[in-house]
file target31.tsv (TSV, C-alpha atoms and all ligand atoms)
chain	number	residue	atom	x	y	z
H	20	MET	CA	-39.77	12.12	-21.22
H	21	VAL	CA	-39.44	12.78	-17.51
H	22	GLU	CA	-42.89	11.31	-16.85
H	23	ARG	CA	-42.06	8.22	-18.86
H	24	LEU	CA	-38.76	7.87	-17.00
H	25	ALA	CA	-40.62	7.96	-13.68
H	26	THR	CA	-43.33	5.46	-14.66
H	27	ALA	CA	-40.82	3.13	-16.30
H	28	ALA	CA	-38.59	3.26	-13.21
H	29	SER	CA	-41.50	2.10	-11.06
H	30	GLU	CA	-42.16	-0.95	-13.24
H	31	PRO	CA	-40.56	-4.11	-11.81
H	32	GLN	CA	-39.03	-5.23	-15.11
H	33	ALA	CA	-36.90	-2.06	-15.22
H	34	HIS	CA	-34.68	-3.43	-12.47
H	35	GLY	CA	-33.24	-6.47	-14.18
H	36	TYR	CA	-30.48	-6.34	-16.79
H	37	PRO	CA	-31.82	-4.73	-19.97
H	38	PRO	CA	-31.13	-6.40	-23.32
H	39	PHE	CA	-27.44	-5.67	-23.97
H	40	ARG	CA	-28.16	-4.40	-27.49
H	41	GLY	CA	-30.99	-2.07	-26.47
H	42	LEU	CA	-34.77	-2.36	-26.35
H	43	PRO	CA	-36.09	-3.48	-29.77
H	44	GLU	CA	-38.75	-0.71	-29.62
H	45	LEU	CA	-36.03	1.90	-29.15
H	46	ARG	CA	-34.13	0.63	-32.19
H	47	VAL	CA	-37.38	0.71	-34.18
H	48	ALA	CA	-38.07	4.27	-32.97
H	49	ILE	CA	-34.72	5.62	-34.18
H	50	ALA	CA	-35.08	3.74	-37.50
H	51	GLU	CA	-38.50	5.32	-37.94
H	52	ARG	CA	-37.01	8.74	-37.17
H	53	TYR	CA	-34.35	8.22	-39.83
H	54	ARG	CA	-36.99	7.15	-42.35
H	55	SER	CA	-39.42	9.99	-41.72
H	56	LEU	CA	-37.03	12.90	-41.08
H	57	TYR	CA	-33.82	12.08	-42.93
H	58	GLY	CA	-35.13	9.81	-45.73
H	59	VAL	CA	-32.85	6.94	-44.72
H	60	GLU	CA	-33.97	3.30	-44.43
H	61	LEU	CA	-32.35	1.42	-41.53
H	62	ASP	CA	-32.80	-2.16	-40.42
H	63	PRO	CA	-33.39	-1.83	-36.66
H	64	GLU	CA	-31.94	-5.32	-36.11
H	65	THR	CA	-28.62	-4.94	-37.91
H	66	GLU	CA	-28.04	-1.27	-38.62
H	67	VAL	CA	-28.70	0.33	-35.23
H	68	ALA	CA	-26.48	0.18	-32.13
H	69	VAL	CA	-27.68	1.78	-28.89
H	70	VAL	CA	-24.87	3.59	-27.04
H	71	PRO	CA	-24.58	5.45	-23.72
H	72	GLY	CA	-24.01	8.79	-25.44
H	73	THR	CA	-21.88	9.49	-28.47
H	74	LYS	CA	-18.83	10.61	-26.50
H	75	THR	CA	-18.47	6.95	-25.56
H	76	ALA	CA	-19.30	5.80	-29.09
H	77	LEU	CA	-16.65	7.95	-30.73
H	78	VAL	CA	-13.99	6.22	-28.61
H	79	GLU	CA	-15.46	2.75	-29.17
H	80	LEU	CA	-15.61	3.36	-32.93
H	81	ALA	CA	-11.90	4.18	-32.99
H	82	LEU	CA	-11.25	0.93	-31.10
H	83	VAL	CA	-13.25	-1.23	-33.51
H	84	LEU	CA	-12.07	0.48	-36.70
H	85	ALA	CA	-8.33	1.03	-36.22
H	86	GLU	CA	-5.43	-1.28	-35.50
H	87	ARG	CA	-2.44	0.10	-33.61
H	88	GLY	CA	-0.62	2.56	-35.85
H	89	ASN	CA	-3.40	2.99	-38.46
H	90	THR	CA	-4.32	6.55	-39.29
H	91	ILE	CA	-7.54	8.24	-38.26
H	92	LEU	CA	-8.30	11.56	-39.93
H	93	LEU	CA	-9.96	14.12	-37.68
H	94	PRO	CA	-11.48	17.43	-38.74
H	95	ASP	CA	-9.30	20.45	-37.94
H	96	PRO	CA	-10.91	22.40	-36.37
H	97	GLY	CA	-13.04	19.76	-34.66
H	98	TYR	CA	-14.59	18.49	-31.45
H	99	PRO	CA	-11.77	18.03	-28.91
H	100	ASP	CA	-12.94	14.61	-27.70
H	101	TYR	CA	-12.17	12.87	-31.00
H	102	PRO	CA	-8.40	12.70	-30.30
H	103	SER	CA	-9.13	10.71	-27.12
H	104	GLY	CA	-10.56	7.88	-29.23
H	105	VAL	CA	-7.56	7.93	-31.52
H	106	ALA	CA	-5.17	7.86	-28.55
H	107	LEU	CA	-6.98	5.01	-26.78
H	108	ALA	CA	-6.92	2.97	-30.02
H	109	ALA	CA	-3.15	3.69	-30.30
H	110	ALA	CA	-3.89	4.97	-33.79
H	111	ARG	CA	-2.14	7.85	-35.55
H	112	LEU	CA	-3.99	11.16	-35.61
H	113	VAL	CA	-3.77	13.20	-38.80
H	114	GLY	CA	-5.71	16.45	-39.08
H	115	LEU	CA	-8.07	16.87	-42.01
H	116	ARG	CA	-8.09	20.59	-42.73
H	117	LEU	CA	-11.50	22.18	-43.02
H	118	ASP	CA	-11.25	24.96	-45.55
H	119	PRO	CA	-12.81	28.29	-44.49
H	120	ALA	CA	-12.81	29.41	-48.12
H	121	SER	CA	-15.19	26.61	-49.08
H	122	GLY	CA	-17.55	26.78	-46.13
H	123	TRP	CA	-15.38	24.57	-43.89
H	124	ALA	CA	-15.49	21.60	-46.30
H	125	PRO	CA	-12.80	18.96	-45.67
H	126	ALA	CA	-9.73	19.39	-47.89
H	127	PHE	CA	-9.67	15.72	-48.95
H	128	ASP	CA	-7.15	16.52	-51.69
H	129	GLU	CA	-4.56	17.36	-48.99
H	130	ALA	CA	-5.18	14.21	-46.92
H	131	PRO	CA	-2.92	11.15	-46.90
H	132	ARG	CA	-4.48	8.13	-48.59
H	133	ASP	CA	-2.58	5.11	-47.23
H	134	ASP	CA	-3.51	3.08	-44.21
H	135	ILE	CA	-6.49	5.24	-43.28
H	136	ALA	CA	-8.76	3.36	-40.87
H	137	ALA	CA	-11.36	6.06	-40.47
H	138	VAL	CA	-12.26	9.65	-41.16
H	139	TYR	CA	-14.45	11.53	-38.72
H	140	LEU	CA	-16.73	14.32	-39.91
H	141	ASN	CA	-19.20	16.49	-38.02
H	142	TYR	CA	-21.90	18.69	-39.56
H	143	PRO	CA	-23.44	20.90	-38.23
H	144	SER	CA	-19.91	21.48	-37.10
H	145	ASN	CA	-18.65	21.96	-33.60
H	146	PRO	CA	-16.99	24.49	-33.57
H	147	CYS	CA	-17.55	25.98	-37.06
H	148	ALA	CA	-21.39	26.07	-36.76
H	149	VAL	CA	-21.92	25.32	-40.47
H	150	VAL	CA	-23.95	22.59	-42.13
H	151	ALA	CA	-22.18	20.34	-44.64
H	152	PRO	CA	-21.28	22.34	-47.76
H	153	PRO	CA	-22.85	20.84	-50.91
H	154	GLY	CA	-20.95	17.78	-52.12
H	155	THR	CA	-19.13	17.17	-48.82
H	156	PHE	CA	-20.82	13.86	-48.04
H	157	ALA	CA	-20.45	12.59	-51.62
H	158	ASP	CA	-16.74	13.51	-51.49
H	159	ALA	CA	-16.44	11.60	-48.21
H	160	VAL	CA	-18.01	8.51	-49.78
H	161	SER	CA	-15.60	8.73	-52.77
H	162	PHE	CA	-12.62	9.18	-50.43
H	163	ALA	CA	-13.71	6.11	-48.46
H	164	GLU	CA	-14.23	4.05	-51.60
H	165	GLN	CA	-10.78	4.99	-52.88
H	166	THR	CA	-8.86	4.53	-49.62
H	167	GLY	CA	-10.83	1.87	-47.73
H	168	ALA	CA	-11.37	4.28	-44.83
H	169	ALA	CA	-14.59	4.06	-42.84
H	170	VAL	CA	-16.54	7.31	-42.48
H	171	VAL	CA	-17.86	8.23	-39.03
H	172	HIS	CA	-20.27	11.12	-39.27
H	173	ASP	CA	-21.23	12.85	-36.05
H	174	LEU	CA	-24.78	14.26	-36.26
H	175	ALA	CA	-24.79	15.58	-32.68
H	176	TYR	CA	-26.33	18.93	-33.71
H	177	GLY	CA	-28.28	17.54	-36.68
H	178	ASP	CA	-31.67	18.86	-35.62
H	179	LEU	CA	-30.40	22.28	-34.56
H	180	VAL	CA	-30.27	23.89	-38.01
H	181	PHE	CA	-31.38	27.46	-38.63
H	182	ASP	CA	-33.16	29.60	-41.23
H	183	GLU	CA	-35.64	26.92	-42.32
H	184	ARG	CA	-32.94	24.39	-43.20
H	185	SER	CA	-33.90	20.72	-43.07
H	186	PRO	CA	-31.77	18.35	-41.00
H	187	GLU	CA	-29.44	16.32	-43.22
H	188	SER	CA	-28.03	12.87	-42.54
H	189	PHE	CA	-24.77	11.65	-44.09
H	190	LEU	CA	-26.51	8.30	-44.65
H	191	ALA	CA	-28.88	9.86	-47.20
H	192	THR	CA	-25.90	10.14	-49.59
H	193	PRO	CA	-25.72	7.31	-52.15
H	194	GLY	CA	-23.16	4.71	-51.05
H	195	ALA	CA	-22.83	6.12	-47.52
H	196	LYS	CA	-24.11	3.03	-45.76
H	197	ASP	CA	-21.53	0.89	-47.58
H	198	VAL	CA	-18.67	2.89	-46.11
H	199	GLY	CA	-19.77	4.38	-42.84
H	200	VAL	CA	-21.92	5.07	-39.85
H	201	GLU	CA	-23.52	8.07	-38.22
H	202	MET	CA	-23.63	8.94	-34.53
H	203	PHE	CA	-26.99	10.33	-33.36
H	204	SER	CA	-27.11	11.90	-29.91
H	205	MET	CA	-30.22	12.51	-27.79
H	206	SER	CA	-28.25	15.15	-25.86
H	207	LYS	CA	-28.64	18.21	-28.07
H	208	THR	CA	-31.93	17.49	-29.88
H	209	TYR	CA	-33.81	16.72	-26.67
H	210	GLY	CA	-31.69	18.43	-24.02
H	211	MET	CA	-30.93	15.00	-22.51
H	212	ALA	CA	-27.15	15.37	-22.14
H	213	GLY	CA	-27.08	13.92	-18.64
H	214	TRP	CA	-29.16	10.88	-19.55
H	215	ARG	CA	-26.44	9.27	-21.68
H	216	LEU	CA	-28.30	7.89	-24.65
H	217	GLY	CA	-27.39	7.83	-28.32
H	218	PHE	CA	-27.08	5.64	-31.40
H	219	VAL	CA	-24.60	4.53	-34.01
H	220	VAL	CA	-26.45	3.71	-37.22
H	221	GLY	CA	-25.58	2.64	-40.74
H	222	ASN	CA	-23.04	0.07	-41.96
H	223	SER	CA	-24.05	-3.28	-40.48
H	224	GLU	CA	-20.52	-4.63	-40.13
H	225	ILE	CA	-19.40	-1.63	-38.09
H	226	VAL	CA	-22.61	-1.77	-36.02
H	227	GLU	CA	-21.94	-5.45	-35.30
H	228	ARG	CA	-18.35	-4.76	-34.24
H	229	LEU	CA	-19.53	-2.00	-31.92
H	230	ASP	CA	-22.27	-4.18	-30.43
H	231	LEU	CA	-19.75	-6.98	-29.89
H	232	LEU	CA	-17.39	-4.64	-28.06
H	233	GLN	CA	-20.29	-3.37	-25.95
H	234	ASP	CA	-21.42	-6.96	-25.17
H	235	HIS	CA	-18.07	-7.32	-23.41
H	236	THR	CA	-17.72	-3.92	-21.80
H	237	ARG	CA	-21.17	-3.14	-20.41
H	238	ALA	CA	-24.57	-4.64	-19.79
H	239	GLY	CA	-27.04	-2.35	-21.53
H	240	ILE	CA	-28.57	0.96	-20.53
H	241	PHE	CA	-31.12	1.41	-17.72
H	242	THR	CA	-34.49	0.39	-19.15
H	243	ALA	CA	-36.28	3.51	-17.86
H	244	VAL	CA	-33.83	5.75	-19.75
H	245	GLN	CA	-34.46	3.77	-22.93
H	246	GLU	CA	-38.24	4.00	-22.41
H	247	ALA	CA	-37.89	7.77	-22.01
H	248	GLY	CA	-35.86	7.78	-25.21
H	249	ILE	CA	-38.73	6.04	-27.02
H	250	ALA	CA	-41.11	8.68	-25.62
H	251	ALA	CA	-38.81	11.44	-26.90
H	252	LEU	CA	-38.47	9.98	-30.39
H	253	THR	CA	-42.11	9.05	-30.87
H	254	GLY	CA	-43.86	11.86	-28.97
H	255	PRO	CA	-44.58	15.47	-29.98
H	256	GLN	CA	-41.49	17.29	-31.25
H	257	ASP	CA	-42.47	20.85	-30.22
H	258	SER	CA	-39.67	21.06	-27.67
H	259	VAL	CA	-37.10	20.35	-30.40
H	260	PHE	CA	-38.38	23.20	-32.55
H	261	GLU	CA	-38.59	25.51	-29.54
H	262	ARG	CA	-35.00	24.72	-28.60
H	263	ARG	CA	-33.81	25.27	-32.17
H	264	ASP	CA	-35.69	28.58	-32.45
H	265	ARG	CA	-34.30	29.79	-29.16
H	266	TYR	CA	-30.71	29.14	-30.29
H	267	GLN	CA	-31.46	30.86	-33.58
H	268	ALA	CA	-32.83	33.92	-31.76
H	269	ARG	CA	-29.67	34.01	-29.61
H	270	ARG	CA	-27.52	33.73	-32.73
H	271	ASP	CA	-29.40	36.70	-34.22
H	272	ARG	CA	-28.69	38.64	-31.04
H	273	VAL	CA	-24.96	37.89	-31.44
H	274	PHE	CA	-25.09	39.05	-35.07
H	275	GLU	CA	-26.79	42.30	-34.05
H	276	VAL	CA	-24.03	43.10	-31.58
H	277	LEU	CA	-21.21	42.10	-33.95
H	278	ASP	CA	-22.72	44.20	-36.74
H	279	GLY	CA	-22.60	47.17	-34.37
H	280	CYS	CA	-18.87	46.53	-33.81
H	281	ALA	CA	-18.14	46.59	-37.55
H	282	ILE	CA	-16.94	42.98	-37.38
H	283	GLU	CA	-17.66	40.71	-40.30
H	284	ARG	CA	-20.59	38.43	-39.52
H	285	PRO	CA	-19.50	34.84	-39.07
H	286	VAL	CA	-21.54	32.16	-40.81
H	287	CYS	CA	-23.74	30.33	-38.31
H	288	GLU	CA	-26.12	27.80	-39.86
H	289	GLY	CA	-26.68	25.43	-36.94
H	290	SER	CA	-25.42	23.99	-33.59
H	291	PHE	CA	-25.39	26.23	-30.51
H	292	TYR	CA	-22.11	27.97	-31.19
H	293	VAL	CA	-20.80	30.96	-33.04
H	294	TRP	CA	-17.26	30.57	-34.44
H	295	LEU	CA	-15.64	33.99	-34.34
H	296	GLU	CA	-12.56	35.39	-35.95
H	297	LEU	CA	-11.00	37.55	-33.22
H	298	PRO	CA	-10.17	41.16	-34.13
H	299	GLU	CA	-6.48	42.07	-34.33
H	300	GLY	CA	-4.89	42.19	-30.87
H	301	VAL	CA	-7.83	40.51	-29.08
H	302	THR	CA	-7.19	37.15	-27.38
H	303	VAL	CA	-9.45	34.94	-25.28
H	304	GLU	CA	-7.08	35.46	-22.35
H	305	ARG	CA	-7.51	39.23	-22.56
H	306	LEU	CA	-11.29	38.89	-22.93
H	307	LEU	CA	-11.33	36.77	-19.78
H	308	THR	CA	-9.05	38.85	-17.62
H	309	GLU	CA	-9.97	42.33	-18.83
H	310	SER	CA	-13.64	41.92	-19.75
H	311	ARG	CA	-14.70	38.82	-17.81
H	312	ILE	CA	-16.04	37.00	-20.87
H	313	ALA	CA	-15.28	33.30	-21.32
H	314	LEU	CA	-14.97	32.11	-24.91
H	315	ALA	CA	-13.47	28.74	-25.85
H	316	PRO	CA	-10.04	29.35	-27.44
H	317	GLY	CA	-9.86	28.33	-31.10
H	318	GLU	CA	-6.60	26.41	-30.66
H	319	GLY	CA	-8.48	23.95	-28.44
H	320	PHE	CA	-10.20	22.66	-31.58
H	321	GLY	CA	-6.99	22.05	-33.52
H	322	PRO	CA	-4.06	24.04	-34.90
H	323	SER	CA	-6.20	25.80	-37.51
H	324	GLY	CA	-8.37	27.29	-34.77
H	325	ALA	CA	-5.66	29.84	-33.92
H	326	GLY	CA	-6.96	33.41	-33.98
H	327	ARG	CA	-10.54	32.27	-33.52
H	328	ALA	CA	-12.83	31.54	-30.58
H	329	ARG	CA	-16.10	29.67	-30.01
H	330	LEU	CA	-18.96	31.49	-28.36
H	331	SER	CA	-21.64	29.32	-26.75
H	332	LEU	CA	-25.36	30.03	-27.08
H	333	ALA	CA	-26.12	27.39	-24.43
H	334	VAL	CA	-26.37	30.00	-21.68
H	335	THR	CA	-29.39	31.90	-20.39
H	336	ASP	CA	-30.63	34.91	-22.36
H	337	ASP	CA	-29.55	37.16	-19.48
H	338	GLN	CA	-26.04	35.72	-19.40
H	339	LEU	CA	-25.80	36.07	-23.16
H	340	ASP	CA	-26.88	39.71	-23.02
H	341	THR	CA	-24.40	40.51	-20.26
H	342	GLY	CA	-21.63	38.76	-22.16
H	343	LEU	CA	-22.52	40.45	-25.44
H	344	GLU	CA	-22.53	43.88	-23.87
H	345	ARG	CA	-19.01	43.20	-22.55
H	346	LEU	CA	-17.97	41.81	-25.92
H	347	ARG	CA	-19.30	44.93	-27.64
H	348	ARG	CA	-17.18	47.11	-25.40
H	349	ALA	CA	-14.10	44.91	-25.79
H	350	PHE	CA	-14.41	44.77	-29.59
H	351	SER	CA	-15.13	48.49	-29.93
H	352	GLY	CA	-12.24	49.41	-27.67
B	401	LIG	C1	-19.65	17.35	-31.88
B	401	LIG	C2	-20.05	16.57	-30.67
B	401	LIG	N1	-20.10	15.25	-30.75
B	401	LIG	C3	-20.46	14.50	-29.68
B	401	LIG	C4	-20.73	15.08	-28.48
B	401	LIG	C5	-21.05	14.18	-27.31
B	401	LIG	O1	-22.40	14.08	-27.11
B	401	LIG	P1	-23.05	12.97	-26.16
B	401	LIG	O2	-23.75	13.71	-25.09
B	401	LIG	O3	-23.95	12.16	-27.04
B	401	LIG	O4	-21.95	12.13	-25.60
B	401	LIG	C6	-20.67	16.47	-28.34
B	401	LIG	C7	-20.96	17.11	-27.04
B	401	LIG	O5	-20.70	18.26	-26.80
B	401	LIG	C8	-20.33	17.24	-29.47
B	401	LIG	O6	-20.23	18.57	-29.41
call {"tool": "encode", "arguments": {"input": "target31.tsv", "output": "structure tokens", "more": "lines below"}}
Ligand SMILES: Cc1ncc(COP(=O)(O)O)c(C=O)c1O
result
Amino acid sequence: MVERLATAASEPQAHGYPPFRGLPELRVAIAERYRSLYGVELDPETEVAVVPGTKTALVELALVLAERGNTILLPDPGYPDYPSGVALAAARLVGLRLDPASGWAPAFDEAPRDDIAAVYLNYPSNPCAVVAPPGTFADAVSFAEQTGAAVVHDLAYGDLVFDERSPESFLATPGAKDVGVEMFSMSKTYGMAGWRLGFVVGNSEIVERLDLLQDHTRAGIFTAVQEAGIAALTGPQDSVFERRDRYQARRDRVFEVLDGCAIERPVCEGSFYVWLELPEGVTVERLLTESRIALAPGEGFGPSGAGRARLSLAVTDDQLDTGLERLRRAFSG
């Protein structure tokens, strides 16, 4: 990827404006990835939008899906950047409770049903670190069919699934493409977070709206970055498996330490997080000030995150070991 970036940057044609809607070969490459890995057919012309990272896309999607005052349902707990999109679209945010008792599946039966512009979902979940419980995507399609909501599924951690699981796309669910789109990020799968490259794929009407907004707000993505993206998607995938295995090994290390503290093992099926229930009397503030361990406070992911914390595996092995040793002492004390 880095080599391709360098060679592409030295080619004269890299320095003009790129096609606003992305290099055709890049759109073909992601469509081919969806076909071969996720079993989803995509038309690279009409069902693929190229975006400068999915953080941008999740805001743009709120803008093209919701009118002022419409409701957008966001997973609670969920990724803290989603509310920014809702706010910038002047939409109304309603939390969609994820139920710990059913593997953090969305409690659609508790959700309002009127005036819903969109529902955002994210599996493997940040912060819950679970893959979609069986039936979740089919339930989302039914909810969308009944309410007219669009589904936005965020597959940011899609390829980082553990214990021999296969990556799973929302779009492989019957009817999904009629009601929604999926965001695919190059950041986590390929460790390209700083490059700013991602995709929104699926429903052609939503893709067209997004492309139209982007036609007016930016002028494409640097050609060399797109060429490197093609190299990533079409080249050997060893680095993806290595990255996934490394996070899995770190997760196992966390489990080992927690088991020694007599704390119930959290479920961790993918992503690079562990979503912990804090023992009685332990808070992230105390862990920081008394033990010098930084965990992300659960409340930051929505009201239902209270009493929990997110531990990141995206640190070096040494940092993780130091942190876990401190955690062991804090939890045992
Ligand atoms: C759930 C989730 N979605 C989207 C993003 C944004 O990723 P990108 O780098 O594609 O903007 C992140 C980044 O942390 C994330 O955790």
call {"tool": "residues_around", "arguments": {"input": "target31.tsv", "residues": "range 303-316 of chain H", "least_positions_apart": "2", "cutoff": "9 Å", "atoms": "all atoms listed in the file", "output": "JSON list (two decimals) with C-alpha atoms, in the frame of the given file"}}
result
[["chain", "number", "residue", "atom", "x", "y", "z"],
["H", 297, "LEU", "CA", -11.00, 37.55, -33.22],
["H", 301, "VAL", "CA", -7.83, 40.51, -29.08],
["H", 318, "GLU", "CA", -6.60, 26.41, -30.66],
["H", 319, "GLY", "CA", -8.48, 23.95, -28.44],
["H", 320, "PHE", "CA", -10.20, 22.66, -31.58],
["H", 324, "GLY", "CA", -8.37, 27.29, -34.77],
["H", 325, "ALA", "CA", -5.66, 29.84, -33.92],
["H", 326, "GLY", "CA", -6.96, 33.41, -33.98],
["H", 327, "ARG", "CA", -10.54, 32.27, -33.52],
["H", 328, "ALA", "CA", -12.83, 31.54, -30.58],
["H", 329, "ARG", "CA", -16.10, 29.67, -30.01],
["H", 330, "LEU", "CA", -18.96, 31.49, -28.36],
["H", 331, "SER", "CA", -21.64, 29.32, -26.75],
["H", 342, "GLY", "CA", -21.63, 38.76, -22.16],
["H", 343, "LEU", "CA", -22.52, 40.45, -25.44],
["H", 345, "ARG", "CA", -19.01, 43.20, -22.55],
["H", 346, "LEU", "CA", -17.97, 41.81, -25.92],
["H", 348, "ARG", "CA", -17.18, 47.11, -25.40],
["H", 349, "ALA", "CA", -14.10, 44.91, -25.79]]
call {"tool": "residues_near_ligand", "arguments": {"input": "target31.tsv", "ligand": "ligand LIG 401 (chain B)", "cutoff": "9 Å", "atoms": "only C-alpha atoms and all ligand atoms", "output": "VMD selection string"}}
result
chain H and resid 70 to 77 97 to 101 141 to 146 173 to 176 202 to 207 211 to 218 290
call {"tool": "atom_distance", "arguments": {"input": "target31.tsv", "atom1": "CA of Val78 in chain H", "atom2": "CA of Gln165 in chain H"}}
result
24.5 Å
call {"tool": "closest_residue", "arguments": {"input": "target31.tsv", "among": "H:Leu92, H:Val113, H:Val226, H:Met20", "to": "Val67 in chain H", "atoms": "only C-alpha atoms"}}
result
H:Val226
call {"tool": "residues_around", "arguments": {"input": "target31.tsv", "residues": "range 266-276 of chain H", "least_positions_apart": "3", "cutoff": "9 Å", "atoms": "all atoms listed in the file", "output": "list in words"}}
result
Leu179, Val180, Phe181, Asp182, Glu261, Arg262, Arg263, Gly279, Cys280, Arg284, Pro285, Cys287, Glu288, Gly289, Ser290, Phe291, Tyr292, Val293, Leu332, Ala333, Asp336, Leu339, Asp340, Leu343, Glu344, Leu346 and Arg347 of chain H
call {"tool": "write_last_selection", "arguments": {"input": "target31.tsv", "atoms": "C-alpha atoms", "output": "PDB file, in the coordinates of the input"}}
result
ATOM      1  CA  LEU H 179     -30.400  22.280 -34.560  1.00  0.00           C
ATOM      2  CA  VAL H 180     -30.270  23.890 -38.010  1.00  0.00           C
ATOM      3  CA  PHE H 181     -31.380  27.460 -38.630  1.00  0.00           C
ATOM      4  CA  ASP H 182     -33.160  29.600 -41.230  1.00  0.00           C
ATOM      5  CA  GLU H 261     -38.590  25.510 -29.540  1.00  0.00           C
ATOM      6  CA  ARG H 262     -35.000  24.720 -28.600  1.00  0.00           C
ATOM      7  CA  ARG H 263     -33.810  25.270 -32.170  1.00  0.00           C
ATOM      8  CA  GLY H 279     -22.600  47.170 -34.370  1.00  0.00           C
ATOM      9  CA  CYS H 280     -18.870  46.530 -33.810  1.00  0.00           C
ATOM     10  CA  ARG H 284     -20.590  38.430 -39.520  1.00  0.00           C
ATOM     11  CA  PRO H 285     -19.500  34.840 -39.070  1.00  0.00           C
ATOM     12  CA  CYS H 287     -23.740  30.330 -38.310  1.00  0.00           C
ATOM     13  CA  GLU H 288     -26.120  27.800 -39.860  1.00  0.00           C
ATOM     14  CA  GLY H 289     -26.680  25.430 -36.940  1.00  0.00           C
ATOM     15  CA  SER H 290     -25.420  23.990 -33.590  1.00  0.00           C
ATOM     16  CA  PHE H 291     -25.390  26.230 -30.510  1.00  0.00           C
ATOM     17  CA  TYR H 292     -22.110  27.970 -31.190  1.00  0.00           C
ATOM     18  CA  VAL H 293     -20.800  30.960 -33.040  1.00  0.00           C
ATOM     19  CA  LEU H 332     -25.360  30.030 -27.080  1.00  0.00           C
ATOM     20  CA  ALA H 333     -26.120  27.390 -24.430  1.00  0.00           C
ATOM     21  CA  ASP H 336     -30.630  34.910 -22.360  1.00  0.00           C
ATOM     22  CA  LEU H 339     -25.800  36.070 -23.160  1.00  0.00           C
ATOM     23  CA  ASP H 340     -26.880  39.710 -23.020  1.00  0.00           C
ATOM     24  CA  LEU H 343     -22.520  40.450 -25.440  1.00  0.00           C
ATOM     25  CA  GLU H 344     -22.530  43.880 -23.870  1.00  0.00           C
ATOM     26  CA  LEU H 346     -17.970  41.810 -25.920  1.00  0.00           C
ATOM     27  CA  ARG H 347     -19.300  44.930 -27.640  1.00  0.00           C
TER      28      ARG H 347
END
call {"tool": "closest_residue", "arguments": {"input": "target31.tsv", "among": "H:Leu190, H:Val334, H:Val198, H:Val259", "to": "Ala168 in chain H", "atoms": "all atoms listed in the file"}}
result
H:Val198
call {"tool": "residues_near_point", "arguments": {"input": "target31.tsv", "point": "(-13.4, 31.3, -45.9)", "cutoff": "12 Å", "atoms": "all atoms listed in the file", "output": "list in words"}}
result
Leu117, Asp118, Pro119, Ala120, Ser121, Gly122, Trp123, Ala124, Cys147, Val149, Glu283, Arg284, Pro285, Val286 and Glu296 of chain H
call {"tool": "write_last_selection", "arguments": {"input": "target31.tsv", "atoms": "C-alpha atoms", "output": "mmCIF file, keeping the file's coordinate frame"}}
result
data_model
loop_
_atom_site.group_PDB
_atom_site.id
_atom_site.type_symbol
_atom_site.label_atom_id
_atom_site.label_comp_id
_atom_site.auth_asym_id
_atom_site.auth_seq_id
_atom_site.Cartn_x
_atom_site.Cartn_y
_atom_site.Cartn_z
ATOM 1 C CA LEU H 117 -11.500 22.180 -43.020
ATOM 2 C CA ASP H 118 -11.250 24.960 -45.550
ATOM 3 C CA PRO H 119 -12.810 28.290 -44.490
ATOM 4 C CA ALA H 120 -12.810 29.410 -48.120
ATOM 5 C CA SER H 121 -15.190 26.610 -49.080
ATOM 6 C CA GLY H 122 -17.550 26.780 -46.130
ATOM 7 C CA TRP H 123 -15.380 24.570 -43.890
ATOM 8 C CA ALA H 124 -15.490 21.600 -46.300
ATOM 9 C CA CYS H 147 -17.550 25.980 -37.060
ATOM 10 C CA VAL H 149 -21.920 25.320 -40.470
ATOM 11 C CA GLU H 283 -17.660 40.710 -40.300
ATOM 12 C CA ARG H 284 -20.590 38.430 -39.520
ATOM 13 C CA PRO H 285 -19.500 34.840 -39.070
ATOM 14 C CA VAL H 286 -21.540 32.160 -40.810
ATOM 15 C CA GLU H 296 -12.560 35.390 -35.950
#
